[in-house]
Structures are given as structure tokens and as C-alpha cells.
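Printed here is target.tsv (TSV, C-alpha atoms):
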```
chain	number	residue	atom	x	y	z
A	25	MET	CA	219.10	-16.77	162.32
A	26	GLY	CA	220.76	-15.03	159.29
A	27	ASN	CA	219.04	-13.98	156.10
A	28	PRO	CA	219.28	-16.31	153.03
A	29	PRO	CA	222.13	-15.47	150.63
A	30	VAL	CA	221.49	-13.05	147.80
A	31	LEU	CA	222.07	-15.87	145.27
A	32	ALA	CA	218.69	-17.30	146.29
A	33	GLY	CA	217.03	-14.62	144.14
A	34	PRO	CA	218.48	-15.83	140.81
A	35	VAL	CA	217.98	-19.47	141.79
A	36	VAL	CA	214.29	-18.92	142.52
A	37	ALA	CA	213.95	-16.95	139.28
A	38	ARG	CA	215.47	-19.81	137.30
A	39	VAL	CA	213.14	-22.36	138.89
A	40	LEU	CA	210.10	-20.19	138.18
A	41	LEU	CA	211.33	-19.60	134.62
A	42	ALA	CA	211.62	-23.36	134.04
A	43	GLY	CA	208.06	-23.71	135.33
A	44	MET	CA	206.86	-21.02	132.90
A	45	VAL	CA	208.53	-22.81	129.97
A	46	VAL	CA	206.79	-26.07	130.94
A	47	LEU	CA	203.46	-24.22	131.14
A	48	LEU	CA	203.99	-22.67	127.70
A	49	ALA	CA	204.85	-26.10	126.27
A	50	VAL	CA	201.66	-27.60	127.69
A	51	ILE	CA	199.59	-24.78	126.20
A	52	ALA	CA	201.36	-25.12	122.84
A	53	TYR	CA	201.20	-28.90	122.41
A	54	TYR	CA	198.28	-30.28	124.42
A	55	PRO	CA	196.86	-32.93	123.89
A	56	PHE	CA	200.34	-34.05	122.74
A	57	ARG	CA	199.23	-36.06	119.71
A	58	TRP	CA	202.45	-36.65	117.74
A	59	ASP	CA	201.90	-35.94	114.04
A	60	PRO	CA	205.09	-34.78	112.29
A	61	PRO	CA	205.46	-34.16	108.53
A	62	ARG	CA	206.31	-37.41	106.74
A	63	ILE	CA	205.96	-39.39	103.53
A	64	VAL	CA	202.81	-41.56	103.69
A	65	ARG	CA	201.03	-44.04	101.45
A	66	ASN	CA	197.92	-42.64	99.81
A	67	GLN	CA	194.91	-44.72	100.87
A	68	VAL	CA	192.55	-43.47	98.16
A	69	VAL	CA	191.49	-46.54	96.15
A	70	ARG	CA	189.48	-46.74	92.94
A	71	THR	CA	186.96	-49.58	93.22
A	72	ALA	CA	185.76	-51.93	90.48
A	73	ASP	CA	182.77	-49.72	89.68
A	74	GLY	CA	184.95	-46.62	89.33
A	75	SER	CA	184.12	-45.07	92.70
A	76	LEU	CA	186.77	-43.65	95.03
A	77	ARG	CA	187.13	-45.16	98.50
A	78	PHE	CA	188.76	-43.02	101.19
A	79	SER	CA	190.47	-44.11	104.41
A	80	GLU	CA	192.80	-42.45	106.94
A	81	MET	CA	195.46	-40.85	104.68
A	82	ASN	CA	193.85	-39.29	101.62
A	83	ALA	CA	195.15	-37.07	98.84
A	84	ALA	CA	192.84	-36.59	95.86
A	85	ARG	CA	193.02	-33.03	94.56
A	86	THR	CA	193.05	-31.05	91.37
A	87	PRO	CA	196.53	-29.89	90.36
A	88	GLY	CA	195.29	-26.33	90.00
A	89	THR	CA	192.27	-24.02	89.92
A	90	PRO	CA	189.17	-25.58	88.27
A	91	ALA	CA	188.33	-24.26	84.80
A	92	TRP	CA	184.73	-23.53	85.78
A	93	LEU	CA	185.59	-21.11	88.63
A	94	GLY	CA	185.66	-18.01	86.42
A	95	GLN	CA	182.21	-18.81	85.04
A	96	ALA	CA	180.82	-19.41	88.53
A	97	ARG	CA	182.15	-16.05	89.72
A	98	THR	CA	180.68	-14.25	86.71
A	99	SER	CA	177.26	-15.89	86.70
A	100	GLY	CA	176.82	-16.29	90.46
A	101	SER	CA	175.50	-19.82	89.89
A	102	VAL	CA	176.99	-23.23	90.61
A	103	GLN	CA	175.57	-26.71	91.19
A	104	ILE	CA	177.39	-29.43	93.16
A	105	LYS	CA	176.19	-33.04	93.15
A	106	LEU	CA	177.60	-35.78	95.39
A	107	ALA	CA	176.80	-39.46	95.85
A	108	VAL	CA	178.42	-40.63	99.09
A	109	ASP	CA	178.49	-43.69	101.33
A	110	PRO	CA	179.94	-42.80	104.76
A	111	ARG	CA	181.82	-45.59	106.50
A	112	SER	CA	180.58	-44.49	109.91
A	113	ALA	CA	178.88	-41.69	111.81
A	114	GLN	CA	182.27	-40.05	112.08
A	115	GLN	CA	183.18	-36.73	113.51
A	116	ARG	CA	183.41	-33.64	111.33
A	117	ALA	CA	185.32	-34.24	108.07
A	118	SER	CA	185.15	-32.77	104.58
A	119	MET	CA	183.80	-34.88	101.72
A	120	MET	CA	184.39	-32.23	99.05
A	121	MET	CA	185.77	-28.72	99.11
A	122	LEU	CA	187.19	-25.88	97.05
A	123	ALA	CA	189.94	-24.11	98.98
A	124	SER	CA	193.31	-22.43	98.55
A	125	ASN	CA	194.70	-23.46	101.96
A	126	PHE	CA	193.63	-24.71	105.37
A	127	TRP	CA	191.77	-21.50	106.21
A	128	ASP	CA	190.59	-20.00	102.89
A	129	THR	CA	187.60	-22.12	101.82
A	130	ASP	CA	185.14	-21.21	99.08
A	131	PHE	CA	182.82	-24.13	99.71
A	132	ALA	CA	182.98	-27.34	101.70
A	133	ILE	CA	180.46	-30.16	101.99
A	134	VAL	CA	181.09	-31.84	105.32
A	135	GLN	CA	179.85	-34.79	107.34
A	136	ASP	CA	179.43	-34.18	111.05
A	137	HIS	CA	178.11	-37.45	112.50
A	138	SER	CA	174.66	-37.68	110.83
A	139	SER	CA	174.50	-33.99	109.89
A	140	LEU	CA	175.42	-32.42	106.57
A	141	LEU	CA	177.22	-29.08	106.80
A	142	VAL	CA	177.73	-26.67	103.92
A	143	TRP	CA	180.40	-24.02	104.32
A	144	LEU	CA	179.94	-21.30	101.73
A	145	ARG	CA	182.11	-18.21	101.44
A	146	ARG	CA	179.85	-15.23	100.88
A	147	PRO	CA	179.72	-11.54	101.81
A	148	GLY	CA	179.28	-11.49	105.58
A	149	SER	CA	180.97	-14.83	106.27
A	150	ASP	CA	184.58	-15.34	107.30
A	151	ILE	CA	187.28	-16.60	104.92
A	152	SER	CA	186.32	-20.23	105.59
A	153	GLY	CA	182.60	-19.72	104.90
A	154	ASP	CA	181.61	-19.80	108.55
A	155	PRO	CA	178.92	-19.99	109.84
A	156	PRO	CA	177.87	-23.10	107.91
A	157	PHE	CA	174.42	-24.21	106.83
A	158	THR	CA	173.29	-27.39	108.62
A	159	VAL	CA	170.99	-30.22	107.57
A	160	ASP	CA	170.42	-32.57	110.51
A	161	GLY	CA	169.91	-36.30	110.00
A	162	ALA	CA	170.95	-36.19	106.34
A	163	LEU	CA	173.62	-38.94	106.46
A	164	ALA	CA	173.77	-42.47	107.82
A	165	ALA	CA	176.63	-44.95	108.03
A	166	ARG	CA	176.81	-47.57	105.28
A	167	ARG	CA	173.96	-45.97	103.36
A	168	TRP	CA	174.27	-44.15	100.06
A	169	ALA	CA	173.02	-40.58	99.95
A	170	SER	CA	172.75	-38.16	97.06
A	171	VAL	CA	173.47	-34.55	97.92
A	172	GLU	CA	172.83	-31.53	95.70
A	173	VAL	CA	173.91	-27.99	96.59
A	174	LEU	CA	172.62	-25.27	94.27
A	175	VAL	CA	173.77	-21.66	94.52
A	176	HIS	CA	171.88	-19.33	92.22
A	177	GLY	CA	171.63	-15.56	92.58
A	178	ASP	CA	170.57	-14.88	96.15
A	179	SER	CA	169.38	-18.38	97.00
A	180	LEU	CA	170.91	-21.56	98.38
A	181	ARG	CA	169.13	-24.91	98.13
A	182	VAL	CA	170.32	-28.21	99.57
A	183	GLN	CA	168.65	-31.45	98.50
A	184	VAL	CA	169.26	-34.86	100.06
A	185	ASN	CA	168.02	-37.94	98.21
A	186	GLY	CA	165.89	-35.79	95.91
A	187	ARG	CA	164.13	-33.87	98.71
A	188	THR	CA	164.80	-30.23	99.53
A	189	ARG	CA	166.11	-30.13	103.09
A	190	LEU	CA	167.30	-26.52	103.23
A	191	ALA	CA	166.44	-23.33	101.39
A	192	ALA	CA	168.04	-20.05	102.43
A	193	ARG	CA	168.67	-16.54	101.22
A	194	ILE	CA	172.28	-15.54	100.75
A	195	PRO	CA	173.95	-12.37	99.43
A	196	ALA	CA	173.41	-12.13	95.68
A	197	ASP	CA	176.11	-13.65	93.47
A	198	SER	CA	178.10	-15.02	96.42
A	199	PRO	CA	180.58	-16.96	94.22
A	200	ARG	CA	182.07	-13.67	93.05
A	201	VAL	CA	184.11	-13.58	96.29
A	202	TRP	CA	185.61	-17.02	95.63
A	203	THR	CA	189.33	-17.13	94.92
A	204	ALA	CA	191.74	-19.44	93.11
A	205	GLY	CA	191.95	-22.82	94.81
A	206	GLN	CA	191.83	-26.58	94.41
A	207	ILE	CA	189.11	-29.20	94.60
A	208	ALA	CA	189.80	-31.84	97.24
A	209	LEU	CA	187.81	-35.01	97.90
A	210	GLY	CA	187.88	-37.04	101.11
A	211	ASP	CA	189.98	-34.60	103.10
A	212	GLU	CA	190.74	-30.96	103.65
A	213	LEU	CA	193.33	-29.10	101.66
A	214	HIS	CA	196.73	-29.11	103.42
A	215	GLY	CA	195.54	-30.54	106.70
A	216	GLY	CA	192.50	-31.45	108.74
A	217	GLY	CA	190.85	-34.77	109.51
A	218	PRO	CA	190.20	-37.35	106.77
A	219	TRP	CA	186.76	-38.43	105.65
A	220	GLN	CA	186.24	-42.19	105.44
A	221	GLY	CA	183.78	-43.69	102.99
A	222	THR	CA	183.10	-43.99	99.26
A	223	ILE	CA	182.19	-41.35	96.66
A	224	ARG	CA	180.88	-42.40	93.25
A	225	HIS	CA	179.75	-39.02	91.94
A	226	ALA	CA	181.24	-35.56	92.56
A	227	GLN	CA	180.11	-33.18	89.84
A	228	VAL	CA	180.33	-29.40	89.66
A	229	SER	CA	178.25	-27.66	86.99
A	230	THR	CA	178.14	-24.07	85.82
A	231	GLN	CA	176.68	-22.50	82.70
A	232	GLY	CA	178.22	-24.41	79.80
A	233	HIS	CA	180.58	-26.53	81.94
A	234	ALA	CA	180.33	-29.75	83.99
A	235	GLU	CA	183.10	-31.73	85.64
A	236	ASP	CA	182.74	-35.02	87.52
A	237	TYR	CA	185.82	-35.35	89.71
A	238	ILE	CA	185.38	-39.09	90.11
A	239	ASN	CA	186.35	-39.61	86.47
A	240	PRO	CA	189.90	-40.93	85.97
A	241	GLY	CA	192.37	-38.12	85.43
A	242	ALA	CA	190.21	-35.41	86.99
A	243	LEU	CA	192.19	-35.50	90.23
A	244	SER	CA	195.80	-36.07	91.14
A	245	ILE	CA	195.97	-39.24	93.28
A	246	PRO	CA	199.65	-40.05	93.90
A	247	ALA	CA	200.73	-43.40	95.35
A	248	GLN	CA	202.61	-41.52	98.09
A	249	PHE	CA	202.62	-37.92	99.25
A	250	LEU	CA	204.30	-35.63	101.75
A	251	TYR	CA	201.98	-35.24	104.69
A	252	PHE	CA	202.77	-31.69	105.74
A	253	PRO	CA	199.59	-29.91	106.86
A	254	ASP	CA	199.25	-26.15	106.52
A	255	ARG	CA	199.81	-25.17	110.15
A	256	ILE	CA	200.83	-21.53	109.87
A	257	GLU	CA	197.83	-19.30	110.48
A	258	PRO	CA	197.49	-16.24	108.26
A	259	PHE	CA	198.14	-12.74	109.55
A	260	PRO	CA	196.16	-10.67	110.25
A	261	PRO	CA	193.75	-13.14	111.88
A	262	ALA	CA	190.36	-13.62	110.28
A	263	GLU	CA	188.54	-14.49	113.51
A	264	LEU	CA	187.51	-11.98	116.18
A	265	ALA	CA	188.38	-14.54	118.85
A	266	ASP	CA	191.99	-14.58	117.64
A	267	TRP	CA	192.22	-10.80	117.99
A	268	LEU	CA	190.71	-10.97	121.47
A	269	ALA	CA	193.32	-13.57	122.46
A	270	PHE	CA	196.23	-11.23	121.71
A	271	PRO	CA	196.24	-9.56	125.18
A	272	LEU	CA	196.28	-13.01	126.80
A	273	HIS	CA	199.34	-14.06	124.78
A	274	LEU	CA	201.03	-10.77	125.71
A	275	LEU	CA	200.35	-11.15	129.44
A	276	LEU	CA	201.37	-14.82	129.39
A	277	CYS	CA	204.98	-13.96	128.53
A	278	VAL	CA	205.45	-10.92	130.77
A	279	PRO	CA	206.70	-13.21	133.59
A	280	VAL	CA	209.16	-14.84	131.17
A	281	GLY	CA	210.95	-11.55	130.44
A	282	PHE	CA	210.81	-10.53	134.10
A	283	LEU	CA	212.30	-13.80	135.33
A	284	ILE	CA	215.06	-13.84	132.72
A	285	VAL	CA	216.24	-10.42	133.97
A	286	TRP	CA	216.29	-11.68	137.56
A	287	ALA	CA	217.88	-15.04	136.70
A	288	ARG	CA	221.37	-13.57	137.06
A	289	ARG	CA	223.22	-11.07	139.23
A	290	PRO	CA	223.83	-8.45	138.06
A	291	PRO	CA	220.43	-8.43	136.29
A	292	ILE	CA	220.35	-9.10	132.54
A	293	HIS	CA	219.74	-6.04	130.35
A	294	PRO	CA	216.24	-5.93	128.72
A	295	VAL	CA	217.56	-6.30	125.14
A	296	PRO	CA	219.46	-9.59	125.61
A	297	ALA	CA	216.71	-10.73	128.00
A	298	THR	CA	214.10	-10.22	125.25
A	299	LEU	CA	216.30	-12.04	122.74
A	300	LEU	CA	216.63	-14.95	125.18
A	301	ALA	CA	212.85	-14.97	125.62
A	302	ALA	CA	212.39	-15.03	121.83
A	303	GLY	CA	214.80	-17.98	121.81
A	304	ILE	CA	212.24	-19.80	123.96
A	305	ILE	CA	209.04	-18.55	122.31
A	306	VAL	CA	209.97	-19.17	118.66
A	307	PRO	CA	211.13	-22.81	119.06
A	308	LEU	CA	208.04	-23.56	121.14
A	309	ALA	CA	205.89	-22.17	118.34
A	310	ALA	CA	207.82	-24.07	115.66
A	311	GLY	CA	207.33	-27.28	117.62
A	312	ARG	CA	203.61	-27.06	116.89
A	313	LEU	CA	204.43	-28.38	113.41
A	314	LEU	CA	205.00	-31.76	115.03
A	315	PHE	CA	201.63	-32.13	116.77
A	316	TYR	CA	198.17	-32.85	115.39
A	317	GLY	CA	195.71	-29.98	115.33
A	318	ARG	CA	198.23	-27.36	116.52
A	319	HIS	CA	198.94	-24.26	114.46
A	320	ILE	CA	201.57	-21.52	114.46
A	321	ALA	CA	200.06	-18.06	114.68
A	322	VAL	CA	202.53	-15.34	113.72
A	323	GLY	CA	200.47	-12.77	115.62
A	324	ASP	CA	200.68	-14.84	118.81
A	325	VAL	CA	204.47	-15.11	118.53
A	326	VAL	CA	204.75	-11.34	118.05
A	327	MET	CA	202.50	-10.60	121.03
A	328	GLN	CA	204.36	-13.07	123.23
A	329	SER	CA	207.67	-11.42	122.31
A	330	VAL	CA	206.21	-8.01	123.12
A	331	GLY	CA	205.02	-9.38	126.46
A	332	ALA	CA	208.51	-10.70	127.19
A	333	LEU	CA	209.96	-7.26	126.35
A	334	LEU	CA	207.54	-5.55	128.73
A	335	GLY	CA	208.41	-8.08	131.44
A	336	ALA	CA	212.13	-7.51	130.87
A	337	LEU	CA	211.69	-3.74	131.15
A	338	LEU	CA	209.67	-4.20	134.33
A	339	GLY	CA	212.28	-6.53	135.78
A	340	TRP	CA	215.12	-4.13	134.89
A	341	TRP	CA	213.27	-1.19	136.44
A	342	TRP	CA	212.49	-3.18	139.58
A	343	ALA	CA	216.08	-4.34	139.93
A	344	HIS	CA	217.29	-0.74	139.82
A	345	HIS	CA	214.48	0.79	141.84
A	346	PRO	CA	215.76	2.53	144.98
A	347	THR	CA	213.59	0.40	147.27
A	348	ALA	CA	214.89	-2.83	145.74
A	349	SER	CA	218.48	-1.57	145.89
A	350	ARG	CA	218.18	-0.62	149.55
A	351	GLY	CA	216.57	-3.97	150.34
A	352	GLU	CA	219.39	-5.85	148.63
A	353	THR	CA	222.00	-3.70	150.39
A	354	ARG	CA	220.39	-4.42	153.75
A	355	GLY	CA	220.33	-8.11	152.86
A	356	ARG	CA	224.06	-8.09	152.13
A	357	ALA	CA	224.78	-6.14	155.31
A	358	ARG	CA	222.80	-8.54	157.49
A	359	THR	CA	224.41	-11.53	155.81
A	360	GLY	CA	227.85	-10.03	156.48
A	361	MET	CA	226.98	-9.26	160.12
A	362	SER	CA	225.67	-12.74	160.80
A	363	GLY	CA	228.80	-14.20	159.22
A	364	SER	CA	231.04	-12.16	161.57
A	365	LEU	CA	229.33	-13.33	164.76
A	366	PRO	CA	231.00	-16.11	166.68
A	367	GLY	CA	229.47	-19.53	166.27
```

Output the file's structure as C-alpha cells, nothing else.
Amino acid sequence: MGNPPVLAGPVVARVLLAGMVVLLAVIAYYPFRWDPPRIVRNQVVRTADGSLRFSEMNAARTPGTPAWLGQARTSGSVQIKLAVDPRSAQQRASMMMLASNFWDTDFAIVQDHSSLLVWLRRPGSDISGDPPFTVDGALAARRWASVEVLVHGDSLRVQVNGRTRLAARIPADSPRVWTAGQIALGDELHGGGPWQGTIRHAQVSTQGHAEDYINPGALSIPAQFLYFPDRIEPFPPAELADWLAFPLHLLLCVPVGFLIVWARRPPIHPVPATLLAAGIIVPLAAGRLLFYGRHIAVGDVVMQSVGALLGALLGWWWAHHPTASRGETRGRARTGMSGSLPG
């Protein structure tokens, strides 16, 4: 029986390459929840008593940085008061936050089922204020709750319905690390899951200044808005886990570069092979904009491209290695000999 033709090498490489592209697409888009940018109707409604009711598509934000932020940074003191009525024991969603984008959060008051979470940026935390402070059993569906968060000097106090539920020490004057941002009610800034319920009081107080964001005109609440979440992660990454994932992204695309080189005879040069790999990696990353909860990480794209380059160099070296060349020559010779034998 004769050896298989040499063309089987490129064919197998192309099949394996297609499999790698499918694998990368699954990793990039799973769980495949379609959520493209689009114009949506704002579901924030002002009720008869002046409260704000939030549903599934919410946009209620200040047009710019709050006037009190400079005073809070100087004094190191700020008081936040909320009166909320959650619609259900929903999964984690922000009721009120001060942030500049999806990742940079100065403070966030969040419902997580029946728990109250307070994210607070401070020396020692990450850019989103993680890890948060947790008050278990603070919230219940269809039941009003008053929440007060007081930051003063080196102390944090959280009261629920007039009772202190959490007292903790924090780095002194933590608000000094806060940056310019916007207040958002009922949702995160530029993305994230919506909070559903009613808020009738959302006041921030500093020395000589108080602002209740439920008052008419305090927030921008358009009838429609462009739903285009902030899905491009900042670089460099803020999380240690993201740094640790870089080698995985690099190794994941080494086979892509290798298989592109071997997908043709003669083998493709590493430079065009890497450009072809980038032509796969970049569109796959951009496609994340169309799926819920998926984000584009510039660092991941760079590391995947580097991995493809290393794979292309390896494939080029292997294709021109003396052992591989001799093996291919023997394969051609045996194919020719078998073809010359009588049937």
C-alpha cells in the first residue's frame, strides 16, 4: 500500500485550523447571549410621589462630575442616604454608584439577593473598590429599606433602617483617591446588569453641600438612549488574575500560527502567517461587542498575536528542519515508486 499524498499535510492543517477558530469563538462568546449596541427606550419612570422606578433598560445619570466631589476628596468625609424598594431578590445589581466607566468605580451601593454590598475605592483596593463590604440580610423584596453609608476619616459605617449593621476601619481620607465620574442610579455606568425596583431618596452630603438625585433635573433621564456598554477593558489590567491569564492567551494561539504555516505547500512565511492569524484574532475579539457580559481586552489580543507569531516561527522552522525535509523527500519518493508499479 502506498503512502498518502503530500497534499494531506495542508488539508489536515486546514481542518485543525478551522477547529481552532471554532474553539476560540466558543471561548470568546460563550454563553452566546446576543446583546448588540442599539437604541432602546428608557424604562426609568417617575411615579406620582416623585420616586424613580427602574426596570430592565435604565439610564439615569448625571451629565458630568458631581459638584461635591472636590469637597469630599479634600475633607475625606461623605454621607450617602438611600431609600429603596427592591422588586425582587435579584442577582447582583447596582442601585447607586459614582464611576467614570465600567471598571473605575469610586463607590457603589449594590443589591446581591438579600445582601447589601458597598464597593469603596480606597488605598489598597483595586480600581473598582474591590473587595466590597457586605451586610447580609439587609434587603427584602417589596419592602422599603433605608440605607446610610458614612465615610469619615478612617472609618466606614453602614446603617440599615436606622441600625448600624457594619462598622469598619479604612485607610484615612479614602475619598482622596476618587476621580472624576458620574452618578448613576438603577444601573452601572456604561454597562452591567440593571437594578429593578424603586428609589425615593438618593442623597449625597459633604461639608456644606447636599444633593438628592431623585429631585427633578438632578439626573439626565432621556426617553431613548444608545445602549452601548463599555466593553473594552483598560490596559494595563488592574486585576492580578488578568495578568496571570496572559500566558494562557499566548499558548492558546501558538497552534493557530503553526497551522497557518502548514496550511499550504510551500509553507507560508511567518510574517504573512502572523498577519493572517491577526486577521482571525482581531475580528473574534471585536465580535465580543455583540454579546452580553463579554469584554475586549487589548492585552489578550496582543498576547494572542504574539502566540501566533511564535507558532508561525515554530512551524517555519519545523518545515525547514532537515529531519522534516528528509521525511517529506522520502514520502515523495515512495509515492513516486508506488505510482510506477504495475497495477

Practice task
Do a neighbour search on A:Ser244 at 7 Å with all atoms listed in the file, toss out local chain neighbours closer than 4 positions, and write the hits as a PyMOL selection string.
Solution key: chain A and resi 84-87

List as a PDB file with C-alpha atoms, keeping the file's coordinate frame the protein and nucleic acid residues near A:Gly177, meaning an atom at most 12 Å away when all atoms listed in the file are counted, but skip any in the same chain fewer than 5 places from it.
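Output below, filename result-v3.pdb:
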```pdb
ATOM      1  CA  ALA A  96     180.820 -19.410  88.530  1.00  0.00           C
ATOM      2  CA  ARG A  97     182.150 -16.050  89.720  1.00  0.00           C
ATOM      3  CA  THR A  98     180.680 -14.250  86.710  1.00  0.00           C
ATOM      4  CA  SER A  99     177.260 -15.890  86.700  1.00  0.00           C
ATOM      5  CA  GLY A 100     176.820 -16.290  90.460  1.00  0.00           C
ATOM      6  CA  SER A 101     175.500 -19.820  89.890  1.00  0.00           C
ATOM      7  CA  VAL A 102     176.990 -23.230  90.610  1.00  0.00           C
ATOM      8  CA  GLN A 103     175.570 -26.710  91.190  1.00  0.00           C
ATOM      9  CA  ARG A 146     179.850 -15.230 100.880  1.00  0.00           C
ATOM     10  CA  ALA A 192     168.040 -20.050 102.430  1.00  0.00           C
ATOM     11  CA  ARG A 193     168.670 -16.540 101.220  1.00  0.00           C
ATOM     12  CA  ILE A 194     172.280 -15.540 100.750  1.00  0.00           C
ATOM     13  CA  PRO A 195     173.950 -12.370  99.430  1.00  0.00           C
ATOM     14  CA  ALA A 196     173.410 -12.130  95.680  1.00  0.00           C
ATOM     15  CA  ASP A 197     176.110 -13.650  93.470  1.00  0.00           C
ATOM     16  CA  SER A 198     178.100 -15.020  96.420  1.00  0.00           C
ATOM     17  CA  PRO A 199     180.580 -16.960  94.220  1.00  0.00           C
ATOM     18  CA  ARG A 200     182.070 -13.670  93.050  1.00  0.00           C
TER      19      ARG A 200
END
```

Handout entry: Within 8 Å of file point (174.7, -41.6, 95.6), counting all atoms listed in the file, expressed as an MDAnalysis selection string
Key = chainID A and resid 106:109 168:171 223:225

Just the selected residues (C-alpha atoms), exported as a PDB file, in the frame of the given file, please.
```pdb
ATOM      1  CA  LEU A 106     177.600 -35.780  95.390  1.00  0.00           C
ATOM      2  CA  ALA A 107     176.800 -39.460  95.850  1.00  0.00           C
ATOM      3  CA  VAL A 108     178.420 -40.630  99.090  1.00  0.00           C
ATOM      4  CA  ASP A 109     178.490 -43.690 101.330  1.00  0.00           C
ATOM      5  CA  TRP A 168     174.270 -44.150 100.060  1.00  0.00           C
ATOM      6  CA  ALA A 169     173.020 -40.580  99.950  1.00  0.00           C
ATOM      7  CA  SER A 170     172.750 -38.160  97.060  1.00  0.00           C
ATOM      8  CA  VAL A 171     173.470 -34.550  97.920  1.00  0.00           C
ATOM      9  CA  ILE A 223     182.190 -41.350  96.660  1.00  0.00           C
ATOM     10  CA  ARG A 224     180.880 -42.400  93.250  1.00  0.00           C
ATOM     11  CA  HIS A 225     179.750 -39.020  91.940  1.00  0.00           C
TER      12      HIS A 225
END
```

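What separates atom CA of A:Phe270 from atom CA of A:Val326 is a distance of 9.3 Å.
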
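Shortest separation to A:Arg70 among A:Ile245, A:Val173, A:Leu41, A:Ala301 occurs at residue A:Ile245, atoms counted being all atoms listed in the file.
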
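Proximity of A:Val39, A:Gly215, A:Pro240, A:Tyr251 to A:Thr71, computed with only C-alpha atoms, is greatest for A:Pro240.
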
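Look at A:Ser79: the protein and nucleic acid residues within 12 Å of it, using all atoms listed in the file and passing over chain neighbours fewer than 3 places away, are Arg65, Asn66, Gln67, Val68, Val69, Arg70, Leu76, Asn82, Ala83, Ala84, Pro110, Arg111, Ser112, Gln114, Ala117, Met119, Leu209, Gly210, Asp211, Gly217, Pro218, Trp219, Gln220, Gly221, Thr222 and Ile223 of chain A.
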
Fill in the blank from the handout: Across A:His214, A:His273, A:His344, A:Arg312, the smallest distance to A:Val330, with all atoms listed in the file counted, is shown by A:His273

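Take the candidates A:Leu283, A:Gln95, A:Pro296, A:Asp324 and check each one against A:Val35 using all atoms listed in the file; the shortest distance goes to A:Leu283.
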
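For the pair atom CA of A:Leu333 and atom CA of A:Arg38, the separation is 17.5 Å.
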
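Distance check against A:Ala208 using all atoms listed in the file: of A:Trp286, A:Trp342, A:Phe126, A:Phe252, the minimum falls on A:Phe126.
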